[in-house]
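Shown below: input-v2.txt, with compact mmCIF, C-alpha atoms.
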```txt
# COMPACT_ATOMS: atom_id res chain seq x y z
CA MET A 221 -81.30 156.03 28.38
CA LYS A 222 -82.88 155.18 31.66
CA SER A 223 -83.53 157.05 34.86
CA PHE A 224 -81.31 156.18 37.75
CA ASN A 225 -84.11 156.78 40.27
CA ALA A 226 -87.12 154.82 39.04
CA SER A 227 -87.98 152.00 36.73
CA LYS A 228 -91.38 153.36 35.66
CA PRO A 229 -92.04 156.96 34.64
CA ILE A 230 -94.54 159.02 36.60
CA VAL A 231 -95.39 160.90 33.38
CA GLU A 232 -95.59 159.69 29.78
CA TYR A 233 -96.78 162.03 27.06
CA ASP A 234 -96.85 161.30 23.32
CA HIS A 235 -96.46 164.06 20.76
CA GLU A 236 -96.78 163.41 17.00
CA ILE A 237 -94.67 165.25 14.44
CA ARG A 238 -94.57 164.95 10.65
CA ILE A 239 -91.05 165.30 9.28
CA ARG A 240 -90.77 168.29 6.95
CA TYR A 241 -88.45 168.39 3.94
CA ALA A 242 -86.54 171.36 5.40
CA GLU A 243 -85.57 169.21 8.41
CA THR A 244 -83.64 166.70 6.30
CA ASP A 245 -80.04 166.78 5.10
CA GLN A 246 -78.50 165.81 1.76
CA MET A 247 -78.77 162.11 2.65
CA GLY A 248 -82.51 162.49 3.18
CA TYR A 249 -82.16 161.95 6.93
CA VAL A 250 -83.40 164.32 9.61
CA TYR A 251 -80.46 166.53 10.62
CA HIS A 252 -79.26 165.51 14.10
CA GLY A 253 -79.73 169.01 15.56
CA ARG A 254 -83.47 168.81 14.89
CA PHE A 255 -83.92 166.16 17.57
CA VAL A 256 -83.44 168.76 20.31
CA GLU A 257 -86.23 170.77 18.67
CA TYR A 258 -88.46 167.69 18.68
CA PHE A 259 -87.73 167.17 22.38
CA GLU A 260 -88.62 170.80 23.07
CA SER A 261 -91.83 170.52 21.08
CA ALA A 262 -92.97 167.48 23.08
CA ARG A 263 -91.98 169.11 26.39
CA THR A 264 -93.74 172.39 25.53
CA GLU A 265 -96.94 170.60 24.56
CA PHE A 266 -96.85 168.45 27.70
CA ILE A 267 -96.44 171.56 29.87
CA ARG A 268 -99.35 173.18 28.00
CA LYS A 269 -101.46 170.03 28.51
CA ALA A 270 -100.63 170.29 32.23
CA GLY A 271 -102.16 173.78 32.21
CA VAL A 272 -98.96 175.86 32.22
CA THR A 273 -97.05 177.65 29.47
CA TYR A 274 -93.49 178.83 29.18
CA LYS A 275 -94.90 182.33 28.77
CA SER A 276 -96.77 182.13 32.10
CA LEU A 277 -93.64 180.78 33.81
CA GLU A 278 -91.58 183.66 32.46
CA GLU A 279 -94.25 186.18 33.46
CA SER A 280 -94.10 184.77 37.01
CA GLY A 281 -90.33 185.37 37.06
CA VAL A 282 -89.13 181.82 36.36
CA LEU A 283 -86.94 180.77 33.44
CA MET A 284 -86.09 177.21 32.36
CA PRO A 285 -82.70 177.11 30.63
CA VAL A 286 -81.34 173.81 29.34
CA ARG A 287 -78.44 172.49 31.39
CA GLU A 288 -77.77 169.19 29.65
CA VAL A 289 -78.76 167.41 26.42
CA GLN A 290 -77.97 163.84 25.40
CA THR A 291 -79.10 162.00 22.29
CA THR A 292 -78.48 158.45 21.11
CA PHE A 293 -79.39 157.70 17.49
CA HIS A 294 -80.50 154.21 16.43
CA LYS A 295 -82.04 154.59 12.97
CA PRO A 296 -82.62 157.64 10.75
CA LEU A 297 -85.85 159.54 10.38
CA LEU A 298 -86.96 160.35 6.83
CA TYR A 299 -88.97 163.05 5.10
CA ASP A 300 -92.77 162.85 5.54
CA GLU A 301 -92.69 160.20 8.26
CA VAL A 302 -95.06 160.72 11.16
CA ILE A 303 -93.11 160.11 14.34
CA THR A 304 -94.02 160.00 18.00
CA VAL A 305 -91.85 161.74 20.54
CA ARG A 306 -92.59 160.12 23.89
CA LEU A 307 -91.68 162.34 26.83
CA LYS A 308 -91.03 160.55 30.11
CA ILE A 309 -90.50 162.03 33.56
CA PHE A 310 -89.38 159.74 36.37
CA ASP A 311 -89.21 162.21 39.29
CA MET A 312 -91.21 165.24 40.34
CA PRO A 313 -89.18 168.36 39.56
CA GLY A 314 -87.24 170.16 42.27
CA VAL A 315 -84.73 172.77 41.15
CA LYS A 316 -84.22 170.63 38.02
CA LEU A 317 -86.61 169.03 35.58
CA THR A 318 -85.12 165.92 33.99
CA THR A 319 -86.95 164.67 30.92
CA PHE A 320 -86.34 161.57 28.83
CA TYR A 321 -87.48 160.94 25.26
CA ASP A 322 -88.09 157.99 22.96
CA VAL A 323 -88.42 158.90 19.30
CA LEU A 324 -90.58 156.27 17.62
CA GLY A 325 -91.03 155.72 13.89
CA GLN A 326 -94.28 154.97 12.09
CA GLU A 327 -93.87 151.27 12.90
CA ASN A 328 -93.40 152.14 16.59
CA ASP A 329 -89.71 151.26 16.30
CA LEU A 330 -87.18 153.10 18.46
CA ARG A 331 -85.22 155.58 16.30
CA ALA A 332 -83.54 157.69 18.98
CA GLU A 333 -83.44 158.33 22.72
CA GLY A 334 -82.80 161.56 24.52
CA LYS A 335 -82.40 163.24 27.85
CA VAL A 336 -82.77 166.93 28.63
CA VAL A 337 -82.14 168.53 32.02
CA LEU A 338 -83.59 171.99 32.63
CA VAL A 339 -83.09 174.22 35.65
CA PHE A 340 -85.71 176.48 37.18
CA LEU A 341 -84.08 179.90 37.43
CA ASP A 342 -85.22 183.10 39.14
CA SER A 343 -85.27 185.68 36.32
CA LYS A 344 -84.08 188.52 38.60
CA THR A 345 -81.29 186.83 40.54
CA ARG A 346 -80.37 184.26 37.85
CA ARG A 347 -80.10 181.71 40.66
CA PRO A 348 -81.74 178.28 40.74
CA CYS A 349 -85.15 178.17 42.39
CA LYS A 350 -87.95 175.73 43.02
CA PRO A 351 -90.65 175.43 40.36
CA PRO A 352 -93.74 177.56 40.92
CA GLU A 353 -96.67 175.83 42.60
CA THR A 354 -98.66 176.31 39.39
CA PHE A 355 -96.14 174.08 37.59
CA ILE A 356 -96.19 171.35 40.26
CA ASN A 357 -100.00 171.51 40.49
CA GLY A 358 -100.25 171.30 36.70
CA VAL A 359 -98.13 168.14 36.65
CA LEU A 360 -100.17 166.65 39.50
CA ASN A 361 -103.44 167.54 37.74
CA TYR A 362 -102.13 165.92 34.55
CA LEU A 363 -101.25 162.76 36.48
CA ASN A 364 -104.75 162.61 37.97
CA TYR A 365 -106.35 163.32 34.57
CA ASP A 366 -104.18 160.70 32.87
CA LYS A 367 -105.14 158.06 35.43
CA ARG A 368 -108.83 158.77 34.85
CA GLY A 369 -108.37 158.43 31.10
```
Please express the file's structure as structure tokens.
Amino acid sequence: MKSFNASKPIVEYDHEIRIRYAETDQMGYVYHGRFVEYFESARTEFIRKAGVTYKSLEESGVLMPVREVQTTFHKPLLYDEVITVRLKIFDMPGVKLTTFYDVLGQENDLRAEGKVVLVFLDSKTRRPCKPPETFINGVLNYLNYDKRG
């Protein structure tokens, strides 16, 4: 899955997860519905690393419901593997935040790809809104921090 707007992401963030037994099905593979949870975990930790939390967004009157989810599976994930969920953002968020994901196995092989589109929503009016400045500033600060190393 690739962005239609840019060839190189403006943000890349890696998040490691160890596969738990409870996340697998009878075949020993990670149940497909868990991938959305992995995407959320990577996104939540990136937002936290950028200096913002979902809690602070909600307290400021902004919600972020999921509008769209896509997943393409290439190879199964197995119990006790340590995987990397690589979050990629190609465009600064406006009313929407579009995130892309590569799920990489222990050998750095591509196991799955995903895309999640979220909408910034005013909690009182339930209408789309722009992201708070704290969110945009957090992303910008992360970009500057990431460039410095």
Which residues, written as an mmCIF file with C-alpha atoms, in the coordinates of the input, have at least one atom at most 7 Å from A:Ile230, with all atoms listed in the file counted and residues fewer than 5 positions away on the same chain left out?
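Result saved to around39.cif:
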```cif
data_model
loop_
_atom_site.group_PDB
_atom_site.id
_atom_site.type_symbol
_atom_site.label_atom_id
_atom_site.label_comp_id
_atom_site.auth_asym_id
_atom_site.auth_seq_id
_atom_site.Cartn_x
_atom_site.Cartn_y
_atom_site.Cartn_z
ATOM 1 C CA ILE A 309 -90.500 162.030 33.560
ATOM 2 C CA PHE A 310 -89.380 159.740 36.370
ATOM 3 C CA ASP A 311 -89.210 162.210 39.290
#
```
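Here the question is which of A:Lys344, A:Lys269, A:Arg306, A:Lys316 gets nearest to A:Val359 using all atoms listed in the file, and that residue is A:Lys269.
Comparing the minimum interatomic distances between A:Cys349 and each of A:Met284, A:Val323, A:Met312, A:Val302, counting only C-alpha atoms, we find that A:Met284 sits nearest.
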Any idea what's packed within 7 Å of stretch 239-254 of chain A, counting all atoms listed in the file, ignoring anything in its chain fewer than 4 positions away? Could you give it as a PyMOL selection string?
chain A and resi 258+296-302
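Residues in contact with A:Val305 at up to 7 Å, not including ones fewer than 3 positions away on its chain and judged by only C-alpha atoms, are Asp234, His235, Glu236, Ala262, Tyr321, Asp322, Val323 and Leu324 of chain A.
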Distance atom CA of A:Pro351-atom CA of A:Pro313, one decimal place?
7.3 Å
Neighbour list for A:Asn357 as a list in words, cut-off 12 Å, all atoms listed in the file, skip fewer than 4 positions in-chain
Ile267, Ala270, Gly271, Val272, Met312, Pro313, Pro351, Pro352, Glu353, Asn361, Tyr362, Leu363, Asn364 and Tyr365 of chain A
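For the residues A:Arg287, A:Lys295, A:Arg268, A:Lys228, ranking by smallest atom-to-atom distance to A:Lys308 using all atoms listed in the file places A:Lys228 first.
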Skipping near chain neighbours, those fewer than 2 positions away, what residues fall within 6 Å of A:Val336 using only C-alpha atoms, listed as a VMD selection string?
chain A and resid 288 to 289 318 to 319
What does the structure give for the distance between atom CA of A:Arg238 and atom CA of A:Pro285, in Å to one decimal?
26.2 Å
Considering all atoms listed in the file, state which residue in the set A:Ser276, A:Glu327, A:Glu333, A:Gly281 is at the smallest distance from A:Phe259.
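Closest residue, counting all atoms listed in the file: A:Glu333.
Distance-wise, atom CA of A:Val315 and atom CA of A:Thr354 end up 14.5 Å apart.
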Restricting the calculation to all atoms listed in the file: of A:Thr345, A:Tyr274, A:Glu232, A:Gly334, which residue gets closest to A:Phe293?
A:Gly334
Kindly indicate which residue among A:Leu307, A:Arg331, A:Thr291, A:Val282 lies nearest to A:Pro348, using all atoms listed in the file for the distances.
A:Val282
